[in-house]
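> Before I ask anything, let me first share the structure, which is written out below as structure tokens.
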Amino acid sequence: MRLDVVSIFPEYLAPLDLSLIGKARREGVLDLHVHDLRGFAHDRHHTVDDTPFGGGAGMVMKPEPWAEALDHVLDAGATEGAPVPHLLVPGPGGVPFSQAMAHALAEEPWLAFACGRYEGIDERVYEHAAERMPVTVVSLGDYVLGGGEVAVLAVVEAVARLLPGVVGNAESLVEESHEGGLLEYPVYTRPALWDDDGTPREVPAVLRSGDHAAVARWRQEQRVARTVARRPDLAAASAAVGGLEDLQVR
Ligand code: ADE
């Protein structure tokens, strides 16, 4: 998969050298290119923002550097198999990012990301881009970040770990939170009895019983109980599609 990220803070994307993503890059699974938007602003100060028409607080990102940067990305990455990328623009006004969206994006050969800052990017950039490639504005949640870079880190990590070979044990992708509409069950490791502060804390006996069916049942019950307690919105959705009828909630 090819990834292009345009930002005025390319250094923000440095964590994409680390851990699973870094390894996927070194192995050629991910072909990541980070571009500095200021390189496409040609005045003496490499200006990328200006005051908003209509007044109001803050600054708006100018259209010209964005158009040039996105044209550069289009030229640099176009191949027969992927003539244009799917452009993702992180922003609090976007469609909510989800595990389902991560799965859909993991099927695409080429993703590009436009990181806005300040009060946002001139609206005409979205129109200009949408005439050249699919564009989706995507939100991490109902809160406001300082810019798109942190959202790009999150989206790239969520997508990349779904690509074949990126997560060593593919089974660990199956039962995690948000797969199957439920949150993940609690996990434990050694010691079986841990007493750090005078309160002995024991791993649930069922997990040490060797009874695989009982373990599976307990884990499913835990997923349901957790989802009901922490995410009643998800639990209601799962119940509505019939996933919870014969499950016990403790
Ligand atoms: N940029 C600013 N806020 C954001 C959010 N909530 N999600 C994605 N990108 C953002």
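We name chains A, B, ... following the order of the structure tokens; residues begin at 1 in each chain, and ligands are numbered from 1 as shown.
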Would you return as number ranges by chain the members of stretch 114-225 of chain A that DSSP assigns to alpha helix (DSSP H) on this structure's backbone?

A: 123-130, 149-160, 212-225

> Using only C-alpha atoms, which residues sit within 12 Å of A:Asp71 once same-chain residues fewer than 3 positions away are excluded, as a short mmCIF file (atom, residue, chain, number, x, y, z; two decimals) with N, CA and C atoms, in the first residue's frame?


data_model
loop_
_atom_site.label_atom_id
_atom_site.label_comp_id
_atom_site.auth_asym_id
_atom_site.auth_seq_id
_atom_site.Cartn_x
_atom_site.Cartn_y
_atom_site.Cartn_z
N ASP A 4 0.65 8.68 1.17
CA ASP A 4 1.25 10.02 1.07
C ASP A 4 0.59 10.90 2.13
N VAL A 6 0.54 14.91 3.53
CA VAL A 6 0.97 16.31 3.35
C VAL A 6 0.66 17.06 4.64
N HIS A 35 5.20 14.74 2.86
CA HIS A 35 5.51 15.94 2.08
C HIS A 35 5.27 17.18 2.94
N LEU A 37 4.09 20.76 3.25
CA LEU A 37 3.24 21.69 2.49
C LEU A 37 3.98 22.99 2.17
N PHE A 40 5.53 23.85 -1.11
CA PHE A 40 4.67 24.21 -2.26
C PHE A 40 4.15 25.64 -2.14
N GLU A 64 -3.68 27.63 -2.90
CA GLU A 64 -2.65 27.36 -3.94
C GLU A 64 -1.63 26.30 -3.51
N PRO A 65 -1.04 26.41 -2.29
CA PRO A 65 -0.07 25.37 -1.92
C PRO A 65 -0.70 23.98 -1.86
N TRP A 66 -1.96 23.92 -1.41
CA TRP A 66 -2.62 22.61 -1.33
C TRP A 66 -2.81 22.00 -2.71
N ALA A 67 -3.26 22.82 -3.67
CA ALA A 67 -3.48 22.28 -5.02
C ALA A 67 -2.17 21.76 -5.60
N GLU A 68 -1.10 22.53 -5.38
CA GLU A 68 0.19 22.11 -5.94
C GLU A 68 0.70 20.85 -5.25
N LEU A 74 -0.27 13.28 -6.78
CA LEU A 74 -0.90 12.54 -7.89
C LEU A 74 0.16 12.11 -8.92
N ASP A 75 1.07 13.04 -9.24
CA ASP A 75 2.11 12.73 -10.24
C ASP A 75 3.08 11.69 -9.71
N ALA A 76 3.44 11.84 -8.42
CA ALA A 76 4.50 11.00 -7.87
C ALA A 76 4.06 9.56 -7.69
N GLY A 77 2.77 9.35 -7.40
CA GLY A 77 2.36 8.00 -7.02
C GLY A 77 1.60 7.24 -8.07
N ALA A 78 1.19 7.92 -9.16
CA ALA A 78 0.31 7.25 -10.13
C ALA A 78 0.98 6.04 -10.76
N VAL A 84 -5.11 7.03 -9.06
CA VAL A 84 -5.29 8.12 -8.08
C VAL A 84 -5.45 7.52 -6.68
N PRO A 85 -5.09 8.31 -5.63
CA PRO A 85 -5.30 7.82 -4.27
C PRO A 85 -6.71 8.16 -3.79
N LEU A 87 -8.20 10.26 -1.07
CA LEU A 87 -7.71 11.34 -0.20
C LEU A 87 -8.55 11.40 1.07
N ALA A 112 -3.98 8.91 0.47
CA ALA A 112 -3.27 10.17 0.70
C ALA A 112 -3.99 10.90 1.84
N VAL A 125 -10.45 23.82 -1.93
CA VAL A 125 -9.47 22.73 -2.10
C VAL A 125 -10.19 21.39 -2.15
N HIS A 128 -11.75 21.06 -5.61
CA HIS A 128 -10.67 20.86 -6.58
C HIS A 128 -10.18 19.41 -6.50
N ALA A 129 -9.94 18.94 -5.27
CA ALA A 129 -9.43 17.57 -5.08
C ALA A 129 -10.46 16.54 -5.53
N GLU A 131 -12.53 16.61 -7.81
CA GLU A 131 -12.60 16.45 -9.27
C GLU A 131 -11.49 15.53 -9.77
N ARG A 132 -10.54 15.25 -8.90
CA ARG A 132 -9.37 14.45 -9.31
C ARG A 132 -9.29 13.09 -8.64
N MET A 133 -9.91 12.93 -7.47
CA MET A 133 -9.79 11.67 -6.71
C MET A 133 -10.93 11.60 -5.69
#

> Grab me every residue within 7 Å of ligand 1, counting only C-alpha atoms and all ligand atoms, and send it over as an MDAnalysis selection string.

chainID A and resid 90:92 138:148 151

> How many Å separate atom CA of A:Val29 from atom CA of A:Gly81?

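Taking atom CA of A:Val29 and atom CA of A:Gly81, their separation equals 15.7 Å.
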
> Taking a cut-off of 10 Å and counting only C-alpha atoms, can you build a table that, for each residue of stretch 20-107 of chain A near stretch 171-191 of chain A, reports the nearest atom pair and how far apart they are in Å (one decimal), sorted by chain then residue number, as CSV?


residue,atom,partner,partner_atom,distance
A:Ser98,CA,A:His178,CA,8.4
A:Gln99,CA,A:His178,CA,6.5
A:Ala100,CA,A:Glu179,CA,8.6

> Now that the selection is made, can you save its residues with N, CA and C atoms as a JSON list (two decimals), in the first residue's frame?


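The resulting file, result_14.json, is shown below:
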[["chain", "number", "residue", "atom", "x", "y", "z"],
["A", 98, "SER", "N", -13.96, 4.40, 12.00],
["A", 98, "SER", "CA", -14.42, 3.18, 12.68],
["A", 98, "SER", "C", -13.58, 2.00, 12.20],
["A", 99, "GLN", "N", -13.72, 0.88, 12.91],
["A", 99, "GLN", "CA", -13.02, -0.33, 12.49],
["A", 99, "GLN", "C", -13.52, -0.76, 11.10],
["A", 100, "ALA", "N", -14.82, -0.57, 10.84],
["A", 100, "ALA", "CA", -15.35, -0.92, 9.51],
["A", 100, "ALA", "C", -14.67, -0.08, 8.43]]

> Give me, please, the distance in Å between atom CA of A:Leu70 and atom CA of A:Gly28, quoted to one decimal.

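If I compute the distance from atom CA of A:Leu70 to atom CA of A:Gly28, I get 23.3 Å.
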
> If you run DSSP on the backbone, which residues of stretch 123-229 of chain A are strand (DSSP E or B), as a list in words?

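Restricting stretch 123-229 of chain A to strand (DSSP E or B) produces Val135, Thr136, Val137, Val138, Ser139, Leu193, Trp194, Arg201 and Glu202 of chain A.
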
> Would you mind telling me which residue in A:Val155, A:Asp50, A:Glu27, A:Leu32 lies nearest to A:Leu88 when using only C-alpha atoms?

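Checking each of A:Val155, A:Asp50, A:Glu27, A:Leu32 against A:Leu88, counting only C-alpha atoms, the winner is A:Val155.
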
> Report as a list of chain:residue names all protein, DNA and RNA residues lying within 9 Å of A:Ala160, evaluated on only C-alpha atoms, omitting residues in the same chain fewer than 6 positions from it.

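Close residues of A:Ala160: A:Met1, A:Leu20, A:Ile21, A:Ala24, A:Val29, A:Leu30, A:Ala102, A:Ala106, A:Val166, A:Val167.
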
> Pick out the closest residue to A:His72 from this set: A:Ile121, A:Val60, A:Val34, A:Ala235. Count only C-alpha atoms.

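For A:His72, the nearest of the given residues is A:Val34.
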
> Write out as JSON lines a residue-level contact list of stretch 118-190 of chain A versus stretch 9-18 of chain A with cut-off 10 Å: for each qualifying residue the closest pair of atoms and the distance in Å to one decimal, counting only C-alpha atoms, rows sorted by chain and residue number upward.


{"residue": "A:Gly147", "atom": "CA", "partner": "A:Phe9", "partner_atom": "CA", "distance": 9.7}
{"residue": "A:Glu149", "atom": "CA", "partner": "A:Tyr12", "partner_atom": "CA", "distance": 6.5}
{"residue": "A:Val150", "atom": "CA", "partner": "A:Tyr12", "partner_atom": "CA", "distance": 7.7}
{"residue": "A:Val152", "atom": "CA", "partner": "A:Leu13", "partner_atom": "CA", "distance": 8.2}
{"residue": "A:Leu153", "atom": "CA", "partner": "A:Leu13", "partner_atom": "CA", "distance": 6.9}
{"residue": "A:Val156", "atom": "CA", "partner": "A:Leu16", "partner_atom": "CA", "distance": 8.5}
{"residue": "A:Glu157", "atom": "CA", "partner": "A:Leu16", "partner_atom": "CA", "distance": 8.3}

> With a distance cut-off of 10 Å and only C-alpha atoms, select the neighbouring residues of A:His103, excluding the residue or stretch itself and same-chain residues fewer than 6 positions from it, and output the selection as a PDB file with C-alpha atoms, in the first residue's frame.


ATOM      1  CA  ALA A 158      -5.550   1.131  12.428  1.00  0.00           C
ATOM      2  CA  VAL A 159      -5.376   0.418   8.683  1.00  0.00           C
ATOM      3  CA  ALA A 160      -1.810  -0.898   8.457  1.00  0.00           C
ATOM      4  CA  ARG A 161      -2.274  -3.527  11.141  1.00  0.00           C
ATOM      5  CA  LEU A 162      -5.052  -5.066   9.033  1.00  0.00           C
ATOM      6  CA  LEU A 163      -2.735  -5.591   6.041  1.00  0.00           C
TER       7      LEU A 163
END

> Excluding A:Glu119 and its own-chain neighbours fewer than 5 positions away, which residues fall within 10 Å of it when counting only C-alpha atoms? Please give them as a list of chain:residue names.

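The contact residues come out as A:Asp49, A:Thr51, A:Pro52, A:Gly56, A:Ala57, A:Gly58, A:Met59, A:Val60, A:Met61, A:Gly146, A:Gly147.
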
> One decimal, Å: what's the distance from atom CA of A:Leu3 over to atom CA of A:Phe113, could you say?

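So the two atoms, atom CA of A:Leu3 and atom CA of A:Phe113, lie 7.8 Å apart.
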